[in-house]
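Shown next: input_23.txt, containing compact mmCIF, C-alpha atoms.
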# COMPACT_ATOMS: atom_id res chain seq x y z
CA MET A 214 -161.15 -26.85 56.41
CA MET A 215 -162.17 -24.32 59.08
CA ASP A 216 -165.25 -25.13 61.13
CA GLU A 217 -168.16 -22.72 61.33
CA ARG A 218 -167.34 -21.45 64.83
CA TYR A 219 -163.76 -20.65 63.82
CA LEU A 220 -164.92 -18.76 60.73
CA ARG A 221 -167.52 -16.90 62.78
CA ALA A 222 -164.86 -15.79 65.24
CA VAL A 223 -162.69 -14.51 62.37
CA ARG A 224 -165.65 -12.72 60.80
CA ASP A 225 -166.66 -11.05 64.08
CA THR A 226 -163.07 -9.92 64.62
CA LEU A 227 -162.99 -8.36 61.16
CA VAL A 228 -166.33 -6.59 61.70
CA LYS A 229 -165.15 -5.08 65.00
CA HIS A 230 -161.91 -4.01 63.31
CA GLN A 231 -163.89 -2.03 60.73
CA GLN A 232 -165.74 -0.33 63.57
CA TRP A 233 -162.41 0.39 65.27
CA LEU A 234 -161.08 1.96 62.09
CA LEU A 235 -164.16 4.20 61.92
CA ARG A 236 -163.73 5.15 65.59
CA ASP A 237 -167.16 3.74 66.32
CA PRO A 238 -168.92 6.24 68.64
CA GLN A 239 -170.57 3.43 70.61
CA GLY A 240 -167.18 2.02 71.48
CA GLN A 241 -167.95 -1.43 70.11
CA GLY A 242 -165.01 -1.52 67.75
CA ARG A 243 -161.76 -3.25 68.60
CA ARG A 244 -158.44 -3.62 66.81
CA ALA A 245 -158.26 -7.04 65.14
CA ASP A 246 -155.95 -9.51 66.82
CA LEU A 247 -155.66 -12.66 64.71
CA SER A 248 -152.17 -13.53 65.92
CA PHE A 249 -151.29 -17.20 65.32
CA PHE A 250 -154.67 -17.84 63.65
CA ASP A 251 -154.74 -20.33 60.79
CA LEU A 252 -156.16 -18.30 57.89
CA THR A 253 -154.79 -20.55 55.15
CA GLY A 254 -156.48 -19.97 51.78
CA LEU A 255 -158.97 -17.46 53.21
CA GLY A 256 -160.46 -14.81 50.93
CA LEU A 257 -159.61 -11.40 52.40
CA SER A 258 -159.34 -9.32 49.24
CA ARG A 259 -159.97 -5.55 49.45
CA ILE A 260 -160.62 -5.62 53.20
CA ASN A 261 -159.19 -2.82 55.32
CA LEU A 262 -156.88 -4.48 57.85
CA ALA A 263 -154.76 -1.43 58.56
CA GLY A 264 -153.09 -1.74 61.94
CA ALA A 265 -154.30 -5.31 62.51
CA LYS A 266 -152.29 -7.74 64.63
CA LEU A 267 -151.43 -10.83 62.60
CA THR A 268 -148.28 -11.93 64.42
CA GLY A 269 -147.32 -15.47 63.44
CA ALA A 270 -150.54 -15.94 61.49
CA GLY A 271 -150.85 -18.63 58.82
CA LEU A 272 -151.91 -16.86 55.62
CA SER A 273 -150.50 -19.30 53.09
CA ARG A 274 -152.43 -19.14 49.78
CA ALA A 275 -154.70 -16.43 51.21
CA ARG A 276 -156.36 -14.08 48.73
CA LEU A 277 -155.37 -10.54 49.69
CA VAL A 278 -155.72 -8.70 46.39
CA GLY A 279 -155.93 -4.95 47.05
CA THR A 280 -156.14 -5.54 50.82
CA VAL A 281 -155.06 -2.65 53.06
CA LEU A 282 -152.46 -3.95 55.53
CA SER A 283 -150.57 -0.73 56.21
CA ARG A 284 -149.01 -0.52 59.69
CA SER A 285 -150.17 -4.07 60.42
CA ASP A 286 -148.10 -6.55 62.43
CA LEU A 287 -147.17 -9.59 60.32
CA TYR A 288 -144.11 -10.48 62.36
CA GLY A 289 -143.31 -14.17 61.81
CA ALA A 290 -146.36 -14.72 59.58
CA ASP A 291 -146.63 -17.24 56.74
CA LEU A 292 -147.73 -15.56 53.50
CA SER A 293 -146.26 -18.16 51.15
CA ARG A 294 -148.11 -18.36 47.80
CA ALA A 295 -150.59 -15.70 48.94
CA ASP A 296 -151.96 -13.27 46.36
CA LEU A 297 -151.12 -9.74 47.53
CA SER A 298 -151.38 -8.07 44.13
CA GLY A 299 -151.95 -4.35 44.60
CA ALA A 300 -152.01 -4.69 48.39
CA GLN A 301 -151.21 -1.70 50.60
CA LEU A 302 -148.38 -2.74 52.95
CA GLN A 303 -146.88 0.59 53.93
CA SER A 304 -144.88 0.48 57.18
CA VAL A 305 -145.86 -3.16 57.75
CA ASP A 306 -143.77 -5.33 60.07
CA LEU A 307 -142.78 -8.46 58.12
CA ARG A 308 -139.72 -9.48 60.14
CA GLY A 309 -139.22 -13.24 60.09
CA ALA A 310 -142.11 -13.71 57.64
CA LYS A 311 -142.19 -16.39 54.96
CA VAL A 312 -143.56 -14.89 51.75
CA ASP A 313 -142.11 -17.41 49.27
CA GLY A 314 -143.97 -17.82 45.98
CA ALA A 315 -146.39 -14.97 46.72
CA ARG A 316 -147.75 -12.54 44.15
CA LEU A 317 -147.14 -8.87 44.94
CA GLN A 318 -147.41 -7.14 41.58
CA GLY A 319 -147.86 -3.42 42.14
CA ALA A 320 -147.96 -3.85 45.92
CA ASN A 321 -146.88 -0.87 48.03
CA LEU A 322 -144.40 -1.77 50.80
CA GLN A 323 -143.03 1.71 51.40
CA GLY A 324 -141.28 1.90 54.75
CA ALA A 325 -141.82 -1.81 55.51
CA ASP A 326 -139.53 -3.70 57.88
CA LEU A 327 -138.22 -6.88 56.24
CA ARG A 328 -135.24 -7.57 58.49
CA ARG A 329 -134.63 -10.77 60.45
CA GLY A 330 -136.92 -11.40 63.36
CA LEU A 331 -136.84 -14.56 65.48
CA MET A 332 -139.91 -15.51 67.49
CA ILE A 333 -139.54 -17.72 70.55
CA GLU A 334 -142.23 -20.39 70.75
CA ALA A 335 -144.55 -20.26 73.73
CA GLY A 336 -146.68 -23.33 74.34
CA ASP A 337 -148.75 -24.20 71.30
CA ARG A 338 -148.46 -20.69 69.80
CA ARG A 339 -146.09 -21.28 66.93
CA ALA A 340 -145.31 -18.73 64.28
CA GLY A 341 -146.09 -19.66 60.69
CA GLY A 342 -142.98 -17.90 59.33
CA ASN A 343 -139.34 -18.95 59.18
CA ALA A 344 -138.05 -20.81 62.24
CA ASP A 345 -134.57 -19.30 61.84
CA GLY A 346 -135.92 -15.73 61.88
CA SER A 347 -135.03 -14.97 58.26
CA THR A 348 -137.41 -13.01 56.07
CA THR A 349 -137.84 -14.68 52.68
CA PHE A 350 -139.48 -13.62 49.43
CA VAL A 351 -138.04 -16.49 47.34
CA GLY A 352 -139.65 -16.95 43.91
CA CYS A 353 -142.14 -14.10 44.33
CA VAL A 354 -143.75 -12.06 41.56
CA MET A 355 -143.11 -8.45 42.59
CA SER A 356 -143.05 -6.58 39.30
CA LYS A 357 -143.51 -2.81 39.77
CA ALA A 358 -143.72 -3.20 43.53
CA ILE A 359 -142.95 -0.10 45.62
CA LEU A 360 -140.13 -0.97 48.03
CA THR A 361 -138.92 2.52 48.88
CA ASP A 362 -137.41 3.42 52.26
CA CYS A 363 -137.60 -0.20 53.43
CA ARG A 364 -135.37 -1.93 55.97
CA MET A 365 -134.53 -5.20 54.26
CA ALA A 366 -131.05 -6.12 55.44
CA GLN A 367 -130.39 -9.84 54.74
CA CYS A 368 -133.87 -10.33 53.25
CA ASP A 369 -133.90 -13.12 50.65
CA PHE A 370 -135.43 -12.28 47.25
CA SER A 371 -133.78 -15.16 45.35
CA GLY A 372 -135.43 -15.96 42.03
CA SER A 373 -138.07 -13.25 42.39
CA ASP A 374 -139.44 -11.10 39.57
CA LEU A 375 -138.60 -7.57 40.70
CA SER A 376 -138.74 -5.99 37.26
CA GLY A 377 -139.66 -2.34 37.48
CA ALA A 378 -139.58 -2.40 41.30
CA ASP A 379 -138.56 0.78 43.12
CA PHE A 380 -135.93 0.36 45.90
CA THR A 381 -135.18 4.07 46.29
CA GLY A 382 -133.74 4.87 49.70
CA SER A 383 -133.96 1.29 51.01
CA ASP A 384 -131.35 -0.52 53.09
CA LEU A 385 -130.42 -3.69 51.18
CA SER A 386 -127.32 -4.49 53.24
CA GLY A 387 -126.57 -8.19 52.82
CA ALA A 388 -129.82 -8.78 50.95
CA ILE A 389 -129.95 -11.84 48.70
CA LEU A 390 -131.01 -11.23 45.09
CA ILE A 391 -129.61 -14.40 43.49
CA GLY A 392 -131.27 -15.07 40.13
CA ALA A 393 -133.73 -12.20 40.60
CA ASP A 394 -135.12 -10.25 37.66
CA LEU A 395 -134.14 -6.61 38.26
CA THR A 396 -134.68 -5.27 34.77
CA GLY A 397 -136.00 -1.73 35.00
CA ALA A 398 -135.60 -1.66 38.78
CA THR A 399 -134.71 1.64 40.49
CA MET A 400 -132.08 1.67 43.23
CA ARG A 401 -131.37 5.37 43.78
CA LYS A 402 -129.82 6.15 47.18
CA ALA A 403 -130.18 2.49 48.20
CA ILE A 404 -127.64 0.98 50.62
CA LEU A 405 -126.14 -2.07 48.88
CA ASP A 406 -123.30 -3.12 51.17
CA GLY A 407 -122.71 -6.87 50.84
CA VAL A 408 -125.73 -7.42 48.59
CA LEU A 409 -125.66 -10.82 46.86
CA MET A 410 -126.72 -10.57 43.18
CA CYS A 411 -125.19 -13.62 41.54
CA GLY A 412 -127.09 -14.47 38.34
CA ALA A 413 -129.51 -11.54 38.67
CA ARG A 414 -131.05 -10.26 35.48
CA LEU A 415 -130.01 -6.63 34.97
CA ASN A 416 -130.43 -4.14 32.18
CA GLU A 417 -127.16 -2.55 31.08
CA GLU A 418 -127.87 0.81 32.74
CA LEU A 419 -128.42 -0.75 36.17
CA ARG A 420 -125.45 -3.10 35.74
CA ALA A 421 -123.18 -0.16 34.93
CA THR A 422 -124.50 1.81 37.92
CA LEU A 423 -123.89 -1.07 40.30
CA GLU A 424 -120.42 -1.80 38.95
CA ARG A 425 -119.49 1.88 39.37
CA LYS A 426 -120.35 1.40 43.05
CA GLY A 427 -117.89 -1.49 43.18
CA ILE A 428 -120.51 -4.25 43.35
CA ASP A 429 -119.53 -7.58 41.79
CA VAL A 430 -122.95 -8.49 40.43
CA ASP A 431 -121.76 -11.96 39.44
CA GLY A 432 -120.34 -13.15 42.71
CA THR A 433 -120.54 -10.72 45.64
CA GLY A 434 -120.65 -12.52 48.96
CA LEU A 435 -120.44 -16.07 47.63
CA THR A 436 -118.07 -18.40 49.45
CA THR A 437 -115.88 -20.82 47.55
CA THR A 438 -115.23 -24.52 48.10
CA ALA A 439 -113.44 -25.13 44.81
CA ALA A 440 -110.29 -26.29 46.59
CA ARG A 441 -112.09 -29.19 48.29
CA MET A 442 -114.71 -29.86 45.59
CA ALA A 443 -112.92 -33.01 44.40
CA ASP A 444 -113.28 -34.52 47.89
CA LEU A 445 -116.96 -33.57 48.06
CA ILE A 446 -117.61 -35.19 44.68
CA SER A 447 -115.77 -38.35 45.73
CA GLU A 448 -117.89 -38.65 48.89
CA HIS A 449 -121.04 -37.98 46.88
CA GLN A 450 -120.23 -40.74 44.42
CA ARG A 451 -119.84 -43.14 47.36
CA TRP A 452 -123.21 -41.91 48.64
CA VAL A 453 -124.81 -42.73 45.27
CA ASP A 454 -123.06 -46.10 44.86
CA LYS A 455 -123.96 -47.22 48.40
CA ASP A 456 -127.58 -45.98 48.26
CA GLY A 457 -126.91 -43.33 50.90
CA LYS A 458 -125.52 -45.77 53.46
CA LYS A 459 -121.96 -44.50 53.07
CA GLY A 460 -120.36 -41.33 51.83
CA GLU A 461 -122.08 -37.95 51.98
CA ARG A 462 -124.48 -36.21 49.65
CA ILE A 463 -123.38 -32.88 48.15
CA GLU A 464 -125.56 -30.15 49.67
CA LEU A 465 -124.32 -26.67 48.84
CA GLN A 466 -125.89 -23.22 48.83
CA ARG A 467 -124.48 -19.85 47.72
CA ILE A 468 -121.11 -21.23 46.66
CA ASP A 469 -118.90 -19.63 44.00
CA LEU A 470 -117.95 -22.35 41.50
CA ARG A 471 -117.70 -20.27 38.34
CA GLY A 472 -115.91 -22.16 35.57
CA TYR A 473 -115.47 -25.34 37.62
CA SER A 474 -115.29 -28.61 35.68
CA PHE A 475 -117.79 -31.30 36.66
CA ALA A 476 -117.32 -33.08 33.31
CA ASN A 477 -118.42 -36.75 33.34
CA GLN A 478 -118.96 -36.74 37.11
CA LEU A 479 -121.67 -38.74 38.91
CA LEU A 480 -123.82 -36.06 40.56
CA CYS A 481 -127.24 -37.74 40.75
CA GLY A 482 -129.28 -36.22 43.57
CA ALA A 483 -126.71 -33.51 44.32
CA VAL A 484 -127.98 -30.23 45.79
CA MET A 485 -126.32 -27.01 44.62
CA ARG A 486 -128.90 -24.26 45.03
CA PHE A 487 -128.31 -20.51 44.55
CA CYS A 488 -124.73 -21.19 43.43
CA GLY A 489 -122.55 -19.23 41.03
CA LEU A 490 -121.84 -21.70 38.23
CA ARG A 491 -121.36 -19.42 35.26
CA GLY A 492 -119.30 -21.15 32.58
CA ALA A 493 -119.11 -24.41 34.55
CA ASP A 494 -118.47 -27.60 32.58
CA PHE A 495 -121.11 -30.30 33.19
CA SER A 496 -120.55 -32.06 29.86
CA GLY A 497 -121.33 -35.77 30.16
CA ALA A 498 -122.23 -35.41 33.86
CA LYS A 499 -125.02 -37.47 35.40
CA LEU A 500 -127.35 -35.03 37.17
CA ALA A 501 -130.56 -37.06 37.41
CA MET A 502 -132.78 -35.71 40.24
CA ALA A 503 -130.16 -33.08 41.13
CA ASP A 504 -131.24 -29.66 42.44
CA LEU A 505 -129.65 -26.69 40.65
CA SER A 506 -132.51 -24.28 41.31
CA PHE A 507 -131.83 -20.54 41.21
CA CYS A 508 -128.22 -21.06 40.11
CA ASP A 509 -126.29 -18.78 37.77
CA LEU A 510 -125.63 -21.19 34.90
CA ARG A 511 -125.00 -18.69 32.12
CA ASP A 512 -122.80 -20.18 29.39
CA ALA A 513 -122.53 -23.47 31.30
CA ASP A 514 -121.81 -26.58 29.22
CA PHE A 515 -124.29 -29.46 29.62
CA THR A 516 -123.39 -31.20 26.36
CA SER A 517 -124.58 -34.84 26.57
CA ALA A 518 -125.34 -34.43 30.29
CA ASP A 519 -128.16 -36.40 31.94
CA LEU A 520 -130.58 -33.85 33.47
CA SER A 521 -133.48 -36.28 33.89
CA GLY A 522 -135.74 -35.03 36.68
CA CYS A 523 -133.30 -32.24 37.49
CA ASN A 524 -134.69 -29.18 39.30
CA LEU A 525 -133.62 -26.04 37.41
CA GLU A 526 -136.37 -23.76 38.69
CA GLY A 527 -135.41 -20.10 38.47
CA ALA A 528 -131.96 -20.90 37.09
CA ASN A 529 -130.28 -18.54 34.63
CA LEU A 530 -129.25 -20.74 31.69
CA THR A 531 -128.79 -17.90 29.21
CA GLY A 532 -126.43 -19.07 26.47
CA ALA A 533 -125.95 -22.50 28.04
CA LYS A 534 -124.99 -25.49 25.89
CA LEU A 535 -127.58 -28.26 26.24
CA TRP A 536 -126.79 -30.05 23.00
CA ARG A 537 -127.78 -33.72 23.28
CA ALA A 538 -128.71 -33.25 26.95
CA ARG A 539 -131.14 -35.81 28.38
CA LEU A 540 -134.17 -33.96 29.78
CA ARG A 541 -136.63 -36.80 30.34
CA GLY A 542 -138.69 -37.36 33.45
CA VAL A 543 -137.68 -40.01 35.99
CA ASP A 544 -140.09 -42.95 36.41
CA LEU A 545 -140.32 -43.26 40.20
CA SER A 546 -142.78 -46.16 40.21
CA GLY A 547 -141.43 -48.25 37.35
CA ASP A 548 -144.82 -48.42 35.66
CA GLY A 549 -145.11 -44.83 34.44
CA SER A 550 -147.69 -43.81 37.04
CA ARG A 551 -145.29 -41.45 38.86
CA VAL A 552 -142.96 -39.51 36.60
CA TRP A 553 -140.73 -36.79 38.06
CA PRO A 554 -140.20 -34.22 35.27
CA THR A 555 -137.22 -32.02 34.55
CA ASN A 556 -138.20 -28.64 35.96
CA PHE A 557 -137.43 -25.41 34.06
CA THR A 558 -140.13 -23.33 35.81
CA ASN A 559 -139.23 -19.61 35.57
CA ALA A 560 -135.79 -20.52 34.23
CA ARG A 561 -134.08 -18.38 31.60
CA LEU A 562 -132.94 -20.32 28.53
CA ALA A 563 -132.57 -17.37 26.16
CA GLY A 564 -130.08 -18.20 23.43
CA ALA A 565 -129.38 -21.69 24.84
CA ASP A 566 -128.34 -24.50 22.49
CA LEU A 567 -130.98 -27.25 22.75
CA ARG A 568 -130.23 -29.06 19.52
CA ASP A 569 -130.79 -32.82 19.70
CA ALA A 570 -132.46 -32.39 23.10
CA SER A 571 -136.18 -32.81 23.77
CA LEU A 572 -138.31 -30.60 26.04
CA ALA A 573 -141.26 -33.01 25.88
CA GLY A 574 -142.59 -33.56 29.39
CA ALA A 575 -140.46 -30.83 30.97
CA LEU A 576 -142.09 -28.16 33.15
CA LEU A 577 -141.86 -24.88 31.23
CA THR A 578 -144.12 -22.50 33.15
CA GLY A 579 -142.68 -18.98 32.82
CA THR A 580 -139.56 -20.33 31.05
CA ASP A 581 -137.83 -17.83 28.75
CA LEU A 582 -137.20 -19.69 25.50
CA THR A 583 -136.36 -16.64 23.42
CA GLY A 584 -133.88 -17.40 20.65
CA ILE A 585 -133.04 -20.96 21.68
CA LYS A 586 -131.26 -23.12 19.11
CA THR A 587 -133.38 -26.14 18.21
CA SER A 588 -133.50 -29.17 16.00
CA PHE A 589 -136.58 -31.05 14.77
CA ALA A 590 -137.36 -32.89 18.03
CA THR A 591 -136.58 -30.12 20.53
CA LEU A 592 -140.09 -28.69 20.86
CA LYS A 593 -142.05 -31.71 19.61
CA GLY A 594 -144.53 -32.74 22.30
CA ALA A 595 -143.46 -29.94 24.67
CA ASP A 596 -146.12 -27.96 26.54
CA LEU A 597 -145.30 -24.37 25.60
CA SER A 598 -148.65 -22.90 26.67
CA LYS A 599 -147.18 -21.10 29.69
CA ALA A 600 -143.64 -20.54 28.44
CA ALA A 601 -142.29 -17.06 27.71
CA GLY A 602 -140.76 -15.98 24.41
CA ARG A 603 -141.92 -19.14 22.67
CA GLN A 604 -143.06 -17.22 19.59
CA ARG A 605 -139.39 -16.58 18.88
CA ALA A 606 -138.08 -19.83 20.34
CA ALA A 607 -137.17 -21.86 17.31
CA VAL A 608 -133.90 -20.80 15.73
CA PRO A 609 -132.74 -22.98 12.83
CA ALA A 610 -129.65 -25.00 13.64
Structure rendered as structure tokens:
Amino acid sequence: MMDERYLRAVRDTLVKHQQWLLRDPQGQGRRADLSFFDLTGLGLSRINLAGAKLTGAGLSRARLVGTVLSRSDLYGADLSRADLSGAQLQSVDLRGAKVDGARLQGANLQGADLRRGLMIEAGDRRAGGNADGSTTFVGCVMSKAILTDCRMAQCDFSGSDLSGADFTGSDLSGAILIGADLTGATMRKAILDGVLMCGARLNEELRATLERKGIDVDGTGLTTTAARMADLISEHQRWVDKDGKKGERIELQRIDLRGYSFANQLLCGAVMRFCGLRGADFSGAKLAMADLSFCDLRDADFTSADLSGCNLEGANLTGAKLWRARLRGVDLSGDGSRVWPTNFTNARLAGADLRDASLAGALLTGTDLTGIKTSFATLKGADLSKAAGRQRAAVPA
């Protein structure tokens, strides 16, 4: 928690910034410079911070609803899980910023710079953003956001809700949109060279438009390791059997493994994030505590697979077969005091077959359960209070 002197310094800086914005005739105003300040969780909603210097600032979980940040410098800042709903971010510099999990519904980022931007550390002044210089908006809520005329080459929007967003005239070269919701999005005159859209949710009109431009929306830019996957699995199984002392854990990202067969394989603790796994066969596989977050798992087969404690956040499981799949939490303590649940947060399970599987104890916040196939026990004891489409979830087997 910030001490009183620190808060007073922040408050005085904000007051002088307001005077600066008004071109205070007494000359007492001064442009706010809160670079590298720790402003974690601070309430800054509806404040005019236009043109402020916030380079490398820590704004994680900050409340910035309706805040004016146009032309401000947020280079290398940390805005993860901040609430920027309705914020004005026109022409803002967000290079190298970490904005993962933030809320930006209706925010205006027209002309913003979201490209890579690496900041060299100097003494104890360390940027709050991404150390590798990448700009990330992973898992953000950005429905109806204005993203026109932006420079966002290689920016990562994986798993974000961009429904109804406007990308008109923006440069999305090499941008990452894996598992993103782009229904109703507008991409007129946008540059889409090398864009990565594996598993993105698209309405038919946008899909047709993108395919006419030659974009492979199911696999563009993904690399493939299918030829050496058998060796990787063998090493991973040694890693599991020897408690990590031998072998090597599978850790993959953005790999094209569409249709690959993992049937009956031991994949506990494996990491395969943002991968293209449409139609993959995981039947009978052991995936306890594995990480398959933000993967394209449409039509994948998990029949009788063990998904206990598996992380499937943001994954697209539309039409997947989860018949008889084990979805229980993992008891980490042995006495039930620490249970690691199977995570379906913001996953899409529309039309999935969940017969003879139980969602009791699973995390279902924002999960699309529209039209799933169920049996008697599927939804018994499940917390559906924050799930999506649950009113139409139960489809008789």
**OP:** Please indicate the distance in Å from CA of Ala443 (chain A) to CA of Leu525 (chain A), rounded to one decimal place.
**Re:** 22.9 Å
Original post:
Using only C-alpha atoms, which of the listed residues (A:Ala601, A:Leu385, A:Leu247, A:Ala263) sits closest to Leu234 (chain A)?
Top reply: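 Once distances to Leu234 (chain A) are computed over only C-alpha atoms, the minimum belongs to A:Ala263.
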Write out as JSON lines a residue-level contact list of region 498-555 of chain A versus region 397-412 of chain A with cut-off 8 Å: for each qualifying residue the closest pair of atoms and the distance in Å to one decimal, counting all atoms listed in the file, rows sorted by chain and residue number upward.
{"residue": "A:Cys508", "atom": "CA", "partner": "A:Gly412", "partner_atom": "CA", "distance": 6.9}
{"residue": "A:Asp509", "atom": "CA", "partner": "A:Gly412", "partner_atom": "CA", "distance": 4.4}
{"residue": "A:Leu510", "atom": "CA", "partner": "A:Gly412", "partner_atom": "CA", "distance": 7.7}
{"residue": "A:Arg511", "atom": "CA", "partner": "A:Gly412", "partner_atom": "CA", "distance": 7.8}
{"residue": "A:Asn529", "atom": "CA", "partner": "A:Gly412", "partner_atom": "CA", "distance": 6.4}
**OP:** Write out as a list in words each polymer residue whose atoms come within 6 Å of region 482-484 of chain A, counting all atoms listed in the file; drop sequence neighbours fewer than 3 positions from it.
**Re:**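 Returned residues: Ile463, Glu464, Leu465, Met502, Ala503 and Asp504 of chain A.
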Writing out the chosen residues with C-alpha atoms as a JSON list (two decimals), keeping the file's coordinate frame:
[["chain", "number", "residue", "atom", "x", "y", "z"],
["A", 463, "ILE", "CA", -123.38, -32.88, 48.15],
["A", 464, "GLU", "CA", -125.56, -30.15, 49.67],
["A", 465, "LEU", "CA", -124.32, -26.67, 48.84],
["A", 502, "MET", "CA", -132.78, -35.71, 40.24],
["A", 503, "ALA", "CA", -130.16, -33.08, 41.13],
["A", 504, "ASP", "CA", -131.24, -29.66, 42.44]]
Subject >> Selection as a ChimeraX atom specification: residues within 12 Å of (-158.4, -16.7, 54.1), counting only C-alpha atoms >> reply: /A:214-215,219-220,223-224,227,247,250-258,260,270-278,280,292,295-296
Original post:
Which is closest to Leu562 (chain A) among A:Gly602, A:Ala575, A:Leu423, A:Cys523, if we use only C-alpha atoms?
Top reply: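 Of A:Gly602, A:Ala575, A:Leu423, A:Cys523, the one nearest Leu562 (chain A), counting only C-alpha atoms, is A:Gly602.
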**OP:** Quick one: residues within 7 Å of (-152.5, -10.8, 42.8) (file frame), counting only C-alpha atoms, please, as a list in words.
**Re:**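 Protein, DNA and RNA residues close to (-152.5, -10.8, 42.8): Val278, Asp296, Leu297, Ser298, Gly299, Arg316, Leu317 and Gln318 of chain A.
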Given the selection you just returned, output its residues as a file containing C-alpha atoms, formatted as a short mmCIF file (atom, residue, chain, number, x, y, z; two decimals), in the frame of the given file.
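part_28.cif, written as the output of this step:
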data_model
loop_
_atom_site.label_atom_id
_atom_site.label_comp_id
_atom_site.auth_asym_id
_atom_site.auth_seq_id
_atom_site.Cartn_x
_atom_site.Cartn_y
_atom_site.Cartn_z
CA VAL A 278 -155.72 -8.70 46.39
CA ASP A 296 -151.96 -13.27 46.36
CA LEU A 297 -151.12 -9.74 47.53
CA SER A 298 -151.38 -8.07 44.13
CA GLY A 299 -151.95 -4.35 44.60
CA ARG A 316 -147.75 -12.54 44.15
CA LEU A 317 -147.14 -8.87 44.94
CA GLN A 318 -147.41 -7.14 41.58
#
**OP:** Go through A:Glu417, A:Asp313, A:Asp514, A:Asp596 and flag the residue nearest Asn343 (chain A), using all atoms listed in the file for the distances.
**Re:**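 The shortest atom-to-atom distance to Asn343 (chain A) comes from A:Asp313.
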Original post:
Out of A:Ala344, A:Ala413, A:Ala570, A:Val552, which residue has the shortest atom-to-atom distance to Ala538 (chain A) when counting only C-alpha atoms?
Top reply: A:Ala570
Which polymer residues have any atom within 10 Å of an atom of Lys459 (chain A), counting all atoms listed in the file, with same-chain residues fewer than 4 positions away left out, as a PDB file with C-alpha atoms, in the frame of the given file?
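Saved result, selection_4.pdb, follows:
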ATOM      1  CA  GLU A 448    -117.890 -38.650  48.890  1.00  0.00           C
ATOM      2  CA  HIS A 449    -121.040 -37.980  46.880  1.00  0.00           C
ATOM      3  CA  GLN A 450    -120.230 -40.740  44.420  1.00  0.00           C
ATOM      4  CA  ARG A 451    -119.840 -43.140  47.360  1.00  0.00           C
ATOM      5  CA  TRP A 452    -123.210 -41.910  48.640  1.00  0.00           C
ATOM      6  CA  VAL A 453    -124.810 -42.730  45.270  1.00  0.00           C
ATOM      7  CA  ASP A 454    -123.060 -46.100  44.860  1.00  0.00           C
ATOM      8  CA  LYS A 455    -123.960 -47.220  48.400  1.00  0.00           C
TER       9      LYS A 455
END
Original post:
Using only C-alpha atoms, which residue out of A:Trp233, A:Phe370, A:Phe380, A:Phe487 lies closest to Leu505 (chain A)?
Top reply: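 Ranked by minimum distance to Leu505 (chain A), first place goes to A:Phe487.
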Subject >> Between CA of Glu526 (chain A) and CA of Gly289 (chain A) - distance in Å to one decimal >> reply: 26.0 Å
Original post:
Between A:Ala378, A:Asp394, A:Leu262, A:Ser248, which one has atoms that come closest to Gln232 (chain A), using all atoms listed in the file?
Top reply: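 Among the listed residues, A:Leu262 lies closest to Gln232 (chain A).
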**OP:** Would you kindly return, as a list in words, each protein, DNA or RNA residue with an atom no farther than 6 Å from any atom of Cys368 (chain A), considering only C-alpha atoms and excluding same-chain residues fewer than 6 positions away?
**Re:** Thr348, Thr349 and Ala388 of chain A
Subject >> Separation of CA of Cys488 (chain A) from CA of Ala320 (chain A) in Å >> reply: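 Going from CA of Ala320 (chain A) over to CA of Cys488 (chain A) covers 29.1 Å.
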Just want the 7 Å neighbourhood of Thr437 (chain A), counted on all atoms listed in the file, with same-chain residues fewer than 3 positions away dropped. Output as a PDB file with C-alpha atoms, keeping the file's coordinate frame.
ATOM      1  CA  ILE A 468    -121.110 -21.230  46.660  1.00  0.00           C
ATOM      2  CA  ASP A 469    -118.900 -19.630  44.000  1.00  0.00           C
ATOM      3  CA  LEU A 470    -117.950 -22.350  41.500  1.00  0.00           C
TER       4      LEU A 470
END
**OP:** Please provide the set of residues having any atom within 6 Å of Ser383 (chain A), restricted to all atoms listed in the file, with same-chain residues fewer than 5 positions apart removed, written as number ranges by chain.
**Re:** A: 361-363, 403
Next, write the just-selected residues to a file, as a CSV table (one decimal), keeping the file's coordinate frame, keeping C-alpha atoms as the atom set.
chain,number,residue,atom,x,y,z
A,361,THR,CA,-138.9,2.5,48.9
A,362,ASP,CA,-137.4,3.4,52.3
A,363,CYS,CA,-137.6,-0.2,53.4
A,403,ALA,CA,-130.2,2.5,48.2
